[in-house]
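input27.txt (compact mmCIF, C-alpha atoms and all ligand atoms)
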```
# COMPACT_ATOMS: atom_id res chain seq x y z
CA MET A 271 -57.49 -11.93 55.99
CA ALA A 272 -53.80 -11.08 55.51
CA PRO A 273 -51.99 -13.06 52.80
CA PRO A 274 -49.88 -15.92 54.19
CA ALA A 275 -46.31 -14.60 54.38
CA ALA A 276 -44.97 -17.71 52.65
CA PHE A 277 -46.94 -16.81 49.57
CA GLU A 278 -45.68 -13.27 49.25
CA ALA A 279 -43.65 -13.21 46.07
CA GLN A 280 -40.48 -11.19 45.90
CA GLU A 281 -41.94 -8.60 43.59
CA THR A 282 -45.30 -8.23 45.35
CA LEU A 283 -46.14 -4.56 45.39
CA PRO A 284 -47.52 -2.38 48.18
CA GLN A 285 -51.12 -1.32 48.25
CA ASN A 286 -50.62 2.35 48.97
CA ASN A 287 -52.08 4.98 46.72
CA LEU A 288 -49.75 5.39 43.77
CA LEU A 289 -51.68 7.76 41.61
CA ASN A 290 -51.21 10.82 43.82
CA SER A 291 -54.55 12.34 43.07
CA ASP A 292 -57.38 13.06 45.42
CA THR A 293 -59.73 14.85 43.10
CA ALA A 294 -62.60 12.96 41.59
CA SER A 295 -61.80 14.24 38.10
CA HIS A 296 -58.37 12.61 38.23
CA ARG A 297 -59.55 9.27 39.47
CA SER A 298 -59.01 6.38 37.12
CA LYS A 299 -62.11 4.92 35.51
CA VAL A 300 -62.13 1.22 34.82
CA THR A 301 -64.05 -0.71 32.18
CA VAL A 302 -63.98 -4.49 31.93
CA ILE A 303 -64.52 -5.66 28.36
CA GLY A 304 -66.01 -9.13 28.71
CA SER A 305 -68.38 -10.77 31.18
CA GLY A 306 -67.85 -14.52 30.96
CA ASN A 307 -66.76 -16.71 33.85
CA TRP A 308 -63.37 -15.02 34.39
CA GLY A 309 -64.56 -11.62 33.17
CA SER A 310 -67.20 -11.57 35.92
CA VAL A 311 -64.70 -12.61 38.61
CA ALA A 312 -62.26 -9.96 37.37
CA ALA A 313 -65.03 -7.35 37.68
CA LYS A 314 -65.71 -8.52 41.26
CA LEU A 315 -62.03 -8.27 42.25
CA ILE A 316 -61.67 -4.85 40.66
CA ALA A 317 -64.93 -3.54 42.14
CA SER A 318 -63.81 -4.40 45.66
CA ASN A 319 -60.68 -2.32 45.11
CA THR A 320 -62.23 0.68 43.36
CA LEU A 321 -64.55 1.07 46.36
CA ARG A 322 -61.64 0.86 48.78
CA LEU A 323 -59.04 3.02 47.01
CA SER A 324 -59.53 6.72 46.40
CA THR A 325 -57.44 6.68 43.22
CA PHE A 326 -60.25 4.95 41.32
CA HIS A 327 -63.83 5.87 40.52
CA ASP A 328 -66.13 3.55 42.44
CA GLU A 329 -68.08 2.48 39.39
CA VAL A 330 -66.77 -0.37 37.25
CA ARG A 331 -68.39 -0.69 33.82
CA MET A 332 -68.59 -4.21 32.46
CA TRP A 333 -69.31 -4.66 28.77
CA VAL A 334 -71.68 -7.57 28.23
CA TYR A 335 -72.06 -9.39 24.93
CA GLU A 336 -75.84 -9.19 25.09
CA GLU A 337 -77.92 -12.30 25.01
CA THR A 338 -81.47 -13.28 25.81
CA LEU A 339 -81.83 -15.79 28.62
CA GLN A 340 -84.27 -18.72 28.56
CA SER A 341 -86.56 -16.60 30.75
CA GLY A 342 -86.80 -14.08 27.91
CA GLU A 343 -84.90 -11.43 29.89
CA LYS A 344 -81.73 -9.69 28.69
CA LEU A 345 -78.59 -10.82 30.50
CA THR A 346 -77.54 -7.20 31.10
CA ASP A 347 -80.84 -6.32 32.77
CA VAL A 348 -80.63 -9.34 35.04
CA ILE A 349 -77.04 -8.53 36.04
CA ASN A 350 -78.03 -4.97 36.90
CA GLN A 351 -81.12 -6.06 38.82
CA THR A 352 -79.59 -8.93 40.78
CA ASN A 353 -75.89 -7.93 40.84
CA GLU A 354 -75.15 -11.46 39.59
CA ASN A 355 -74.08 -12.84 36.24
CA VAL A 356 -76.67 -15.59 36.38
CA LYS A 357 -75.40 -17.28 33.22
CA TYR A 358 -71.60 -17.23 33.59
CA LEU A 359 -71.07 -16.88 37.36
CA PRO A 360 -74.30 -17.82 39.14
CA GLY A 361 -74.54 -17.40 42.90
CA ILE A 362 -71.83 -14.73 43.22
CA LYS A 363 -72.51 -11.06 43.93
CA LEU A 364 -70.29 -8.87 41.78
CA GLY A 365 -70.45 -5.75 43.91
CA LYS A 366 -73.10 -3.03 43.65
CA ASN A 367 -70.65 -0.74 41.86
CA VAL A 368 -70.44 -3.06 38.83
CA VAL A 369 -72.64 -1.74 36.04
CA ALA A 370 -73.34 -4.05 33.12
CA ASP A 371 -73.50 -2.28 29.76
CA PRO A 372 -74.38 -3.94 26.44
CA ASP A 373 -73.17 -0.91 24.42
CA LEU A 374 -69.43 -1.34 23.81
CA GLU A 375 -68.83 2.25 22.73
CA ASN A 376 -70.67 3.66 25.72
CA ALA A 377 -68.93 1.25 28.10
CA VAL A 378 -65.43 2.44 27.15
CA LYS A 379 -65.94 6.11 26.42
CA ASP A 380 -64.89 7.50 29.82
CA ALA A 381 -62.44 4.81 30.87
CA ASN A 382 -58.69 5.25 31.09
CA MET A 383 -58.09 1.70 32.35
CA LEU A 384 -59.37 -0.99 29.96
CA VAL A 385 -59.40 -4.62 31.09
CA PHE A 386 -59.83 -7.04 28.17
CA VAL A 387 -61.19 -10.45 29.12
CA THR A 388 -63.09 -12.24 26.37
CA PRO A 389 -62.34 -15.50 24.57
CA HIS A 390 -59.47 -14.73 22.19
CA GLN A 391 -61.38 -15.48 19.00
CA PHE A 392 -63.57 -12.38 19.56
CA MET A 393 -60.76 -9.93 20.26
CA GLU A 394 -60.00 -8.84 16.72
CA GLY A 395 -63.65 -7.91 16.07
CA ILE A 396 -63.84 -6.07 19.40
CA CYS A 397 -60.69 -4.05 18.60
CA ILE A 398 -62.12 -3.07 15.22
CA ARG A 399 -65.29 -1.84 16.93
CA LEU A 400 -63.23 0.16 19.43
CA LEU A 401 -61.17 2.01 16.81
CA GLY A 402 -61.42 5.74 17.49
CA LYS A 403 -63.80 5.18 20.44
CA ILE A 404 -61.42 5.06 23.39
CA ARG A 405 -59.61 7.78 25.33
CA SER A 406 -56.16 8.62 23.95
CA ASP A 407 -54.62 8.31 27.44
CA ALA A 408 -56.07 4.84 28.04
CA GLU A 409 -53.93 1.98 29.33
CA ALA A 410 -54.96 -1.61 28.68
CA ILE A 411 -54.42 -4.98 30.28
CA SER A 412 -55.27 -8.30 28.69
CA LEU A 413 -56.47 -11.30 30.69
CA VAL A 414 -57.10 -13.15 27.42
CA LYS A 415 -55.27 -16.44 26.97
CA GLY A 416 -54.69 -16.95 23.25
CA MET A 417 -53.20 -15.55 20.09
CA GLU A 418 -54.03 -14.74 16.48
CA VAL A 419 -52.12 -16.06 13.50
CA LYS A 420 -51.75 -13.59 10.66
CA MET A 421 -50.01 -13.70 7.27
CA GLU A 422 -46.96 -12.10 8.89
CA GLY A 423 -46.92 -14.65 11.69
CA PRO A 424 -48.28 -15.05 15.23
CA CYS A 425 -49.71 -12.01 16.98
CA MET A 426 -50.25 -12.04 20.73
CA ILE A 427 -53.52 -10.48 21.94
CA SER A 428 -51.68 -7.72 23.82
CA THR A 429 -49.94 -6.81 20.55
CA LEU A 430 -53.24 -6.86 18.68
CA ILE A 431 -54.69 -4.43 21.24
CA SER A 432 -51.61 -2.18 21.17
CA GLN A 433 -51.33 -2.11 17.40
CA GLN A 434 -55.01 -1.71 16.60
CA LEU A 435 -55.83 0.81 19.31
CA GLY A 436 -52.49 2.57 19.65
CA ILE A 437 -52.29 2.07 23.42
CA ASN A 438 -49.90 0.32 25.78
CA CYS A 439 -51.09 -3.11 26.88
CA SER A 440 -49.91 -5.17 29.87
CA VAL A 441 -51.13 -8.71 30.64
CA LEU A 442 -52.36 -10.59 33.71
CA MET A 443 -52.19 -14.40 33.71
CA GLY A 444 -51.87 -17.06 36.40
CA ALA A 445 -53.18 -20.19 38.04
CA ASN A 446 -56.65 -18.73 38.13
CA ILE A 447 -59.62 -21.04 37.85
CA ALA A 448 -62.32 -18.40 38.05
CA ASN A 449 -64.87 -20.33 40.12
CA GLU A 450 -62.32 -20.77 42.92
CA ILE A 451 -61.38 -17.09 43.01
CA ALA A 452 -65.09 -16.20 42.94
CA VAL A 453 -65.48 -17.83 46.37
CA GLU A 454 -62.30 -16.13 47.56
CA LYS A 455 -60.03 -19.16 47.72
CA PHE A 456 -56.39 -18.09 47.80
CA SER A 457 -54.50 -17.78 44.51
CA GLU A 458 -51.69 -15.88 42.81
CA ALA A 459 -51.35 -14.12 39.46
CA THR A 460 -48.63 -12.48 37.37
CA VAL A 461 -48.78 -9.09 35.66
CA GLY A 462 -46.46 -8.84 32.66
CA TYR A 463 -45.48 -5.27 31.81
CA ARG A 464 -43.38 -3.74 29.06
CA GLN A 465 -41.36 -0.80 30.41
CA ASN A 466 -43.17 1.37 32.85
CA ARG A 467 -43.07 -0.02 36.37
CA GLU A 468 -45.61 2.56 37.58
CA VAL A 469 -48.13 1.25 35.10
CA ALA A 470 -47.57 -2.27 36.43
CA GLU A 471 -48.04 -1.00 39.99
CA ARG A 472 -51.35 0.56 39.06
CA TRP A 473 -52.60 -2.77 37.64
CA VAL A 474 -51.38 -4.68 40.67
CA GLN A 475 -53.22 -2.19 42.88
CA LEU A 476 -56.41 -2.70 40.90
CA PHE A 477 -56.44 -6.50 41.19
CA TYR A 478 -54.62 -7.28 44.46
CA THR A 479 -56.69 -8.60 47.35
CA PRO A 480 -55.71 -10.67 50.39
CA TYR A 481 -56.86 -13.79 48.51
CA PHE A 482 -55.51 -12.75 45.09
CA ILE A 483 -51.80 -11.97 45.28
CA VAL A 484 -50.40 -10.27 42.22
CA THR A 485 -46.73 -10.10 41.25
CA ALA A 486 -45.32 -8.02 38.38
CA VAL A 487 -42.57 -9.08 35.95
CA GLN A 488 -41.15 -7.18 33.00
CA ASP A 489 -41.91 -9.81 30.36
CA VAL A 490 -45.21 -9.32 28.53
CA GLU A 491 -44.54 -11.99 25.89
CA GLY A 492 -43.31 -14.58 28.39
CA VAL A 493 -46.33 -14.16 30.67
CA GLU A 494 -48.80 -14.15 27.77
CA LEU A 495 -47.28 -17.15 26.01
CA CYS A 496 -47.38 -19.16 29.25
CA GLY A 497 -51.10 -18.42 29.64
CA THR A 498 -51.76 -19.20 25.99
CA LEU A 499 -49.73 -22.38 25.49
CA LYS A 500 -50.71 -24.14 28.72
CA ASN A 501 -54.19 -24.56 27.21
CA VAL A 502 -52.71 -26.82 24.51
CA VAL A 503 -50.99 -28.97 27.15
CA ALA A 504 -54.29 -29.11 29.09
CA ILE A 505 -55.97 -30.68 26.06
CA ALA A 506 -53.26 -33.38 26.06
CA ALA A 507 -53.78 -33.89 29.82
CA GLY A 508 -57.51 -34.34 29.17
CA PHE A 509 -56.80 -37.01 26.54
CA VAL A 510 -54.61 -38.83 29.05
CA ASP A 511 -57.43 -38.69 31.62
CA GLY A 512 -60.02 -39.86 29.08
CA LEU A 513 -57.83 -42.85 28.22
CA GLU A 514 -57.28 -43.54 31.94
CA MET A 515 -53.52 -43.53 31.56
CA GLY A 516 -52.89 -42.40 35.13
CA ASN A 517 -51.18 -39.61 37.00
CA ASN A 518 -47.61 -40.50 36.10
CA THR A 519 -48.38 -40.25 32.39
CA LYS A 520 -50.17 -36.95 32.98
CA ALA A 521 -47.15 -35.63 34.87
CA ALA A 522 -44.91 -36.69 31.98
CA ILE A 523 -47.18 -34.82 29.54
CA MET A 524 -47.04 -31.73 31.75
CA ARG A 525 -43.24 -31.87 31.92
CA LEU A 526 -42.87 -32.30 28.15
CA GLY A 527 -45.50 -29.64 27.61
CA LEU A 528 -43.65 -27.16 29.80
CA ARG A 529 -40.49 -27.83 27.84
CA GLU A 530 -42.28 -27.13 24.54
CA MET A 531 -43.91 -24.00 26.01
CA LYS A 532 -40.50 -22.64 26.94
CA ALA A 533 -38.81 -23.58 23.66
CA PHE A 534 -41.64 -22.17 21.52
CA SER A 535 -41.79 -18.93 23.51
CA LYS A 536 -38.06 -18.37 23.24
CA LEU A 537 -37.96 -19.14 19.54
CA LEU A 538 -40.69 -16.57 18.92
CA PHE A 539 -39.37 -14.01 21.41
CA PRO A 540 -35.74 -14.46 22.49
CA SER A 541 -36.36 -11.82 25.20
CA VAL A 542 -38.64 -14.21 27.16
CA LYS A 543 -37.12 -14.85 30.60
CA ASP A 544 -36.57 -18.34 32.05
CA SER A 545 -37.75 -17.08 35.45
CA THR A 546 -41.21 -16.28 34.05
CA PHE A 547 -41.93 -20.03 33.77
CA PHE A 548 -41.60 -20.28 37.56
CA GLU A 549 -44.15 -17.53 38.25
CA SER A 550 -47.86 -18.21 38.75
CA CYS A 551 -48.41 -17.67 35.01
CA GLY A 552 -46.02 -20.52 34.22
CA VAL A 553 -45.77 -23.83 35.98
CA ALA A 554 -48.57 -23.06 38.46
CA ASP A 555 -51.12 -22.27 35.74
CA LEU A 556 -50.04 -25.36 33.80
CA ILE A 557 -50.68 -27.54 36.87
CA THR A 558 -54.06 -26.07 37.82
CA THR A 559 -55.34 -26.18 34.24
CA CYS A 560 -54.24 -29.79 33.73
CA LEU A 561 -55.96 -30.74 36.98
CA GLY A 562 -59.13 -28.69 37.05
CA GLY A 563 -59.69 -26.63 33.90
CA ARG A 564 -62.38 -26.66 31.23
CA ASN A 565 -59.94 -27.57 28.44
CA ARG A 566 -58.92 -30.70 30.37
CA LYS A 567 -62.52 -31.61 31.12
CA VAL A 568 -63.80 -31.40 27.55
CA ALA A 569 -60.70 -33.14 26.13
CA GLU A 570 -61.29 -35.99 28.59
CA ALA A 571 -64.83 -36.38 27.21
CA TYR A 572 -63.50 -36.23 23.64
CA ALA A 573 -61.09 -39.10 24.32
CA LYS A 574 -63.71 -41.12 26.23
CA ASN A 575 -65.92 -40.87 23.14
CA GLY A 576 -63.05 -42.05 20.92
CA GLY A 577 -63.06 -38.74 19.05
CA LYS A 578 -66.56 -39.48 17.66
CA ARG A 579 -68.17 -36.34 19.11
CA SER A 580 -66.64 -33.05 18.03
CA PHE A 581 -65.13 -30.53 20.42
CA ASP A 582 -67.74 -27.98 19.31
CA GLU A 583 -70.57 -30.33 20.26
CA LEU A 584 -69.00 -31.27 23.60
CA GLU A 585 -68.18 -27.63 24.41
CA ALA A 586 -71.77 -26.54 23.81
CA GLU A 587 -73.16 -29.40 25.89
CA MET A 588 -70.68 -29.29 28.78
CA LEU A 589 -69.89 -25.57 29.11
CA GLN A 590 -73.24 -23.87 28.28
CA GLY A 591 -71.84 -20.85 26.51
CA GLN A 592 -68.36 -20.80 28.06
CA LYS A 593 -65.58 -21.21 25.53
CA LEU A 594 -62.52 -23.42 25.23
CA GLN A 595 -59.28 -21.80 24.13
CA GLY A 596 -57.03 -24.86 23.81
CA VAL A 597 -58.36 -26.41 20.61
CA SER A 598 -58.14 -23.22 18.55
CA THR A 599 -54.78 -22.37 20.13
CA ALA A 600 -53.46 -25.82 19.14
CA ARG A 601 -54.56 -25.07 15.56
CA GLU A 602 -52.94 -21.63 15.63
CA VAL A 603 -49.70 -23.03 17.04
CA TYR A 604 -49.77 -25.78 14.38
CA GLU A 605 -50.04 -23.13 11.65
CA VAL A 606 -46.95 -21.40 13.02
CA LEU A 607 -45.06 -24.71 13.30
CA SER A 608 -45.97 -25.76 9.74
CA HIS A 609 -45.14 -22.36 8.30
CA ARG A 610 -41.74 -22.19 10.00
CA GLY A 611 -40.76 -25.85 9.50
CA TRP A 612 -40.79 -26.48 13.26
CA LEU A 613 -43.28 -29.40 13.42
CA GLU A 614 -40.64 -31.94 14.42
CA LEU A 615 -39.37 -29.70 17.21
CA PHE A 616 -42.78 -29.63 18.92
CA PRO A 617 -44.25 -33.13 18.76
CA LEU A 618 -46.67 -32.63 21.68
CA PHE A 619 -48.18 -29.43 20.29
CA ALA A 620 -48.44 -31.02 16.82
CA THR A 621 -50.03 -34.24 18.15
CA VAL A 622 -52.64 -32.30 20.15
CA HIS A 623 -53.81 -30.50 17.01
CA GLU A 624 -53.76 -33.66 14.91
CA ILE A 625 -55.95 -35.43 17.49
CA SER A 626 -58.34 -32.55 18.14
CA SER A 627 -58.88 -31.97 14.42
CA GLY A 628 -59.63 -35.67 13.84
CA LEU A 629 -56.49 -36.48 11.85
CA LEU A 630 -55.34 -38.91 14.56
CA PRO A 631 -57.34 -40.91 17.13
CA PRO A 632 -57.08 -39.89 20.82
CA SER A 633 -54.98 -43.01 21.44
CA ALA A 634 -52.19 -41.35 19.44
CA ILE A 635 -51.33 -39.48 22.66
CA VAL A 636 -50.25 -42.85 24.12
CA GLU A 637 -47.82 -43.50 21.28
CA TYR A 638 -46.60 -39.94 21.48
CA SER A 639 -45.97 -40.09 25.24
CA GLU A 640 -44.19 -43.44 25.12
CA LYS A 641 -41.93 -42.37 22.27
CA GLN A 642 -41.07 -39.06 23.92
CA VAL A 643 -40.48 -40.39 27.40
CA ARG A 644 -38.21 -43.13 26.02
CA SER A 645 -36.19 -40.73 23.91
CA PHE A 646 -35.04 -38.73 26.98
N1 LIG B 1 -62.74 -19.02 33.26
C1 LIG B 1 -61.52 -19.13 33.81
O1 LIG B 1 -61.31 -19.85 34.81
C2 LIG B 1 -60.39 -18.32 33.24
C3 LIG B 1 -59.30 -18.02 34.07
C4 LIG B 1 -58.23 -17.28 33.56
C5 LIG B 1 -58.27 -16.83 32.26
N2 LIG B 1 -59.34 -17.11 31.47
C6 LIG B 1 -59.33 -16.57 30.10
O2 LIG B 1 -60.19 -15.44 30.06
C7 LIG B 1 -60.71 -15.28 28.74
C8 LIG B 1 -62.21 -15.11 28.84
O3 LIG B 1 -62.77 -16.27 29.39
P1 LIG B 1 -64.07 -16.29 30.31
O4 LIG B 1 -63.94 -17.48 31.19
O5 LIG B 1 -64.30 -14.97 30.97
O6 LIG B 1 -65.25 -16.48 29.24
P2 LIG B 1 -66.30 -17.68 29.12
O7 LIG B 1 -65.69 -18.77 28.32
O8 LIG B 1 -66.84 -18.03 30.46
O9 LIG B 1 -67.53 -17.05 28.37
C9 LIG B 1 -67.61 -16.80 27.02
C10 LIG B 1 -67.89 -15.32 26.84
O10 LIG B 1 -67.86 -15.00 25.46
C11 LIG B 1 -68.94 -14.11 25.19
N3 LIG B 1 -69.24 -14.16 23.78
C12 LIG B 1 -69.93 -15.12 23.08
N4 LIG B 1 -70.00 -14.78 21.78
C13 LIG B 1 -69.33 -13.60 21.67
C14 LIG B 1 -69.04 -12.74 20.56
N5 LIG B 1 -69.43 -13.04 19.33
N6 LIG B 1 -68.33 -11.62 20.80
C15 LIG B 1 -67.90 -11.32 22.04
N7 LIG B 1 -68.14 -12.09 23.11
C16 LIG B 1 -68.85 -13.22 22.92
C17 LIG B 1 -70.03 -14.62 26.09
O11 LIG B 1 -71.03 -13.63 26.24
C18 LIG B 1 -69.25 -14.87 27.36
O12 LIG B 1 -69.12 -13.68 28.08
C19 LIG B 1 -60.25 -16.52 27.96
O13 LIG B 1 -59.14 -16.20 27.18
C20 LIG B 1 -59.86 -17.51 29.05
O14 LIG B 1 -58.85 -18.42 28.64
C21 LIG B 1 -60.41 -17.82 31.94
O1 LIG B 2 -60.77 -23.67 32.42
P1 LIG B 2 -59.64 -23.42 31.46
O2 LIG B 2 -59.06 -24.69 30.93
O3 LIG B 2 -60.05 -22.44 30.39
O4 LIG B 2 -58.48 -22.73 32.32
C1 LIG B 2 -58.83 -21.68 33.18
C2 LIG B 2 -57.64 -20.83 33.54
O5 LIG B 2 -56.92 -20.42 32.43
C3 LIG B 2 -56.78 -21.44 34.60
O6 LIG B 2 -55.81 -20.51 35.03
```

Translate this file's structure into structure tokens.
Amino acid sequence: MAPPAAFEAQETLPQNNLLNSDTASHRSKVTVIGSGNWGSVAAKLIASNTLRLSTFHDEVRMWVYEETLQSGEKLTDVINQTNENVKYLPGIKLGKNVVADPDLENAVKDANMLVFVTPHQFMEGICIRLLGKIRSDAEAISLVKGMEVKMEGPCMISTLISQQLGINCSVLMGANIANEIAVEKFSEATVGYRQNREVAERWVQLFYTPYFIVTAVQDVEGVELCGTLKNVVAIAAGFVDGLEMGNNTKAAIMRLGLREMKAFSKLLFPSVKDSTFFESCGVADLITTCLGGRNRKVAEAYAKNGGKRSFDELEAEMLQGQKLQGVSTAREVYEVLSHRGWLELFPLFATVHEISSGLLPPSAIVEYSEKQVRSF
């Protein structure tokens, strides 16, 4: 199916072979580091392209954080036998050229294109394990929505990867609920790249399919902060749903959230472009997450329970091993706000953390929304 013309973004890139190499030894080798819900869908997208394009090796390695299933079998073995990630993406064939590998070092050793896609809280440990184990000519891309907060201040995951591993790292974010892309429903995504347009083109080529349209913008921090911060707004949207406050209130929360996302991003990185917020990674991801994401869903349950059941408990019960990013991101953002004296500038972000950590009841989102909407 050809992409609908109306959806073709200005910067959409062609799908011709850009690597100018037809020898097997020069073909790019791809490893996906992570195999959760989105990690598995990313592997499926990539595997369809590595089979089709001669610039890539057919095989896609997928590092699996090994676990034993209720049946007693290892997840990796089951993925390799059935070609399905039965725990995180049941019912979807990944492509026969996806090889699950529980050995991180072995999974990355030959790859020159590394796709990072794990929950953000595991990334620092993974980078430490990868030190000295990857190819020196490797390029990375992060699909991870989140950040770390260090003594020196906030550190985006792409920066963590670049600094710890000494490699360039682009990002890919967007309105991308994995289960919808898994069944090939149309969606868009944004690659954020630093300097080298050719590198961005190579990533676009790797991910682009007729149902997954990828656009590249030169704004790594802007793209990554959009993907990271929208998860905090999604928690607020879930509270609004749990309290049955209605669609208008939720829309108001999304508008105020977008404004805080933009202000926070620009305070941290003045180079962030306004236009990035209008790409798939910006307003579109905010909308889809606040309507249909896991952060929204679990936050709704938290508010319905009056904050009496913890996020950890609800996450374990409702997501069966999948991980929320919004609650820990709200905490990380709060640390930055407190440290820099910015709490009053970002009342939505601050309120989300105060509710999700139990300092305030979920109903505090009502007071917050009314006060904010009236003050503008
Ligand atoms: N699922 C989506 O719809 C979606 C879409 C876009 C972006 N993302 C982002 O992609 C990233 C990865 O999310 P996901 O949906 O693929 O994962 P997930 O939440 O579905 O699964 C959790 C993953 O973490 C792994 N894990 C558990 N403990 C671990 C440990 N100690 N070390 C390393 N890994 C461990 C599990 O094996 C599993 O693969 C997140 O930042 C998320 O925000 C997700
Ligand atoms: O399900 P969520 O809330 O983790 O959101 C998934 C994606 O980030 C949506 O683009």

- Query: Which residues, written as a PyMOL selection string, have at least one atom at most 8 Å from A:Lys520, with all atoms listed in the file counted and residues fewer than 5 positions away on the same chain left out?
  - Reply: chain A and resi 507+510-511+515

Could you give me, as a tab-separated table, a per-residue list for chain A showing, wherever an atom lies at most 9 Å from an atom of ligand LIG 1 (chain B), the closest pair of atoms and their distance in Å to one decimal, using all atoms listed in the file and sorting by chain then residue number from low to high?
```
residue	atom	partner	partner_atom	distance
A:Gly304	CA	B:LIG1	O12	5.5
A:Ser305	CA	B:LIG1	O12	4.3
A:Gly306	CA	B:LIG1	O12	3.3
A:Asn307	CA	B:LIG1	O8	3.6
A:Trp308	CA	B:LIG1	O5	3.5
A:Gly309	CA	B:LIG1	O5	4.0
A:Ser310	CA	B:LIG1	O5	6.7
A:Val311	CA	B:LIG1	O5	8.0
A:Ala312	CA	B:LIG1	O5	8.4
A:Val334	CA	B:LIG1	O11	6.4
A:Tyr335	CA	B:LIG1	O11	4.6
A:Glu336	CA	B:LIG1	O11	6.6
A:Glu337	CA	B:LIG1	O11	7.1
A:Lys357	CA	B:LIG1	C18	8.8
A:Tyr358	CA	B:LIG1	O8	5.8
A:Leu359	CA	B:LIG1	O8	8.2
A:Phe386	CA	B:LIG1	C7	8.3
A:Val387	CA	B:LIG1	C8	4.8
A:Thr388	CA	B:LIG1	C8	3.9
A:Pro389	CA	B:LIG1	C19	4.1
A:His390	CA	B:LIG1	O13	5.2
A:Gln391	CA	B:LIG1	N6	8.2
A:Phe392	CA	B:LIG1	N6	5.0
A:Met393	CA	B:LIG1	C15	7.5
A:Gly395	CA	B:LIG1	N6	7.6
A:Ile396	CA	B:LIG1	C15	7.1
A:Ser412	CA	B:LIG1	O2	8.8
A:Leu413	CA	B:LIG1	O2	5.6
A:Val414	CA	B:LIG1	O13	3.7
A:Lys415	CA	B:LIG1	O13	3.9
A:Gly416	CA	B:LIG1	O13	6.0
A:Leu442	CA	B:LIG1	C5	8.7
A:Met443	CA	B:LIG1	C4	6.7
A:Gly444	CA	B:LIG1	C4	7.0
A:Ala445	CA	B:LIG1	C4	7.4
A:Asn446	CA	B:LIG1	C3	4.9
A:Ile447	CA	B:LIG1	O1	3.7
A:Ala448	CA	B:LIG1	O1	3.7
A:Asn449	CA	B:LIG1	O1	6.4
A:Glu450	CA	B:LIG1	O1	8.2
A:Ile451	CA	B:LIG1	O1	8.7
A:Gly497	CA	B:LIG1	C5	7.8
A:Thr498	CA	B:LIG1	O14	7.6
A:Asn501	CA	B:LIG1	O14	7.8
A:Asp555	CA	B:LIG1	C4	9.0
A:Thr559	CA	B:LIG1	O1	8.7
A:Gly563	CA	B:LIG1	O1	7.0
A:Arg564	CA	B:LIG1	O1	7.8
A:Leu589	CA	B:LIG1	O7	8.0
A:Gln590	CA	B:LIG1	O9	8.9
A:Gly591	CA	B:LIG1	C9	5.9
A:Gln592	CA	B:LIG1	O7	3.4
A:Lys593	CA	B:LIG1	O7	3.7
A:Leu594	CA	B:LIG1	O7	6.4
A:Gln595	CA	B:LIG1	O14	5.7
A:Gly596	CA	B:LIG1	O14	8.3
```

- Selected residue of minimal separation from A:Cys397 among A:Ala554, A:Val453, A:Leu430, A:Ala459, counting all atoms listed in the file: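 Closest to A:Cys397 of all the choices is A:Leu430.
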
- Proximity to ligand LIG 2 (chain B) - best of A:Leu618, A:Leu629, A:Leu435, A:Val553, all atoms listed in the file: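 Among the listed residues, the smallest separation from ligand LIG 2 (chain B) belongs to A:Val553.
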
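Using all atoms listed in the file, the contacts of A:Gly365 at a cut-off of 9 Å, with sequence neighbours closer than 6 positions omitted, comprise A:Ala313, A:Lys314, A:Leu315, A:Ala317, A:Ser318, A:Asn353, A:Glu354.
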
- Task: Kindly give the distance, in Å, that separates atom CA of A:Thr519 and atom CA of A:Glu637, rounded to a single decimal.
- Result: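 These two atoms are separated by 11.6 Å.
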
Find the nearest atom pair between each residue of stretch 336-402 of chain A and stretch 467-487 of chain A for residues within 12 Å, count all atoms listed in the file, give distances in Å to one decimal, sort rows by chain and ascending number, and present the table as JSON lines.
```
{"residue": "A:Asn382", "atom": "CA", "partner": "A:Arg472", "partner_atom": "CA", "distance": 11.8}
{"residue": "A:Met383", "atom": "CA", "partner": "A:Trp473", "partner_atom": "CA", "distance": 8.8}
{"residue": "A:Leu384", "atom": "CA", "partner": "A:Trp473", "partner_atom": "CA", "distance": 10.4}
{"residue": "A:Val385", "atom": "CA", "partner": "A:Trp473", "partner_atom": "CA", "distance": 9.6}
```

- Message: So that I can see what lies close to A:Arg610, please list as a VMD selection string the residues with an atom at most 12 Å from it, counting only C-alpha atoms and leaving out residues fewer than 4 positions away in the same chain.
- Response: chain A and resid 422 to 424 534 537 to 538 603 to 606 614 to 616

- Item | Residue nearest ligand LIG 2 (chain B) among A:Ser580, A:Thr558, A:Ser598, A:Asn350 (counting only C-alpha atoms and all ligand atoms) | A:Thr558

Box dimensions and centre (Å, one decimal) enclosing ligand LIG 2 (chain B), axis-aligned, 5 Å extra per side, as lines of an AutoDock Vina configuration file:
```
center_x = -58.3
center_y = -22.6
center_z = 32.7
size_x = 15.0
size_y = 14.3
size_z = 14.6
```
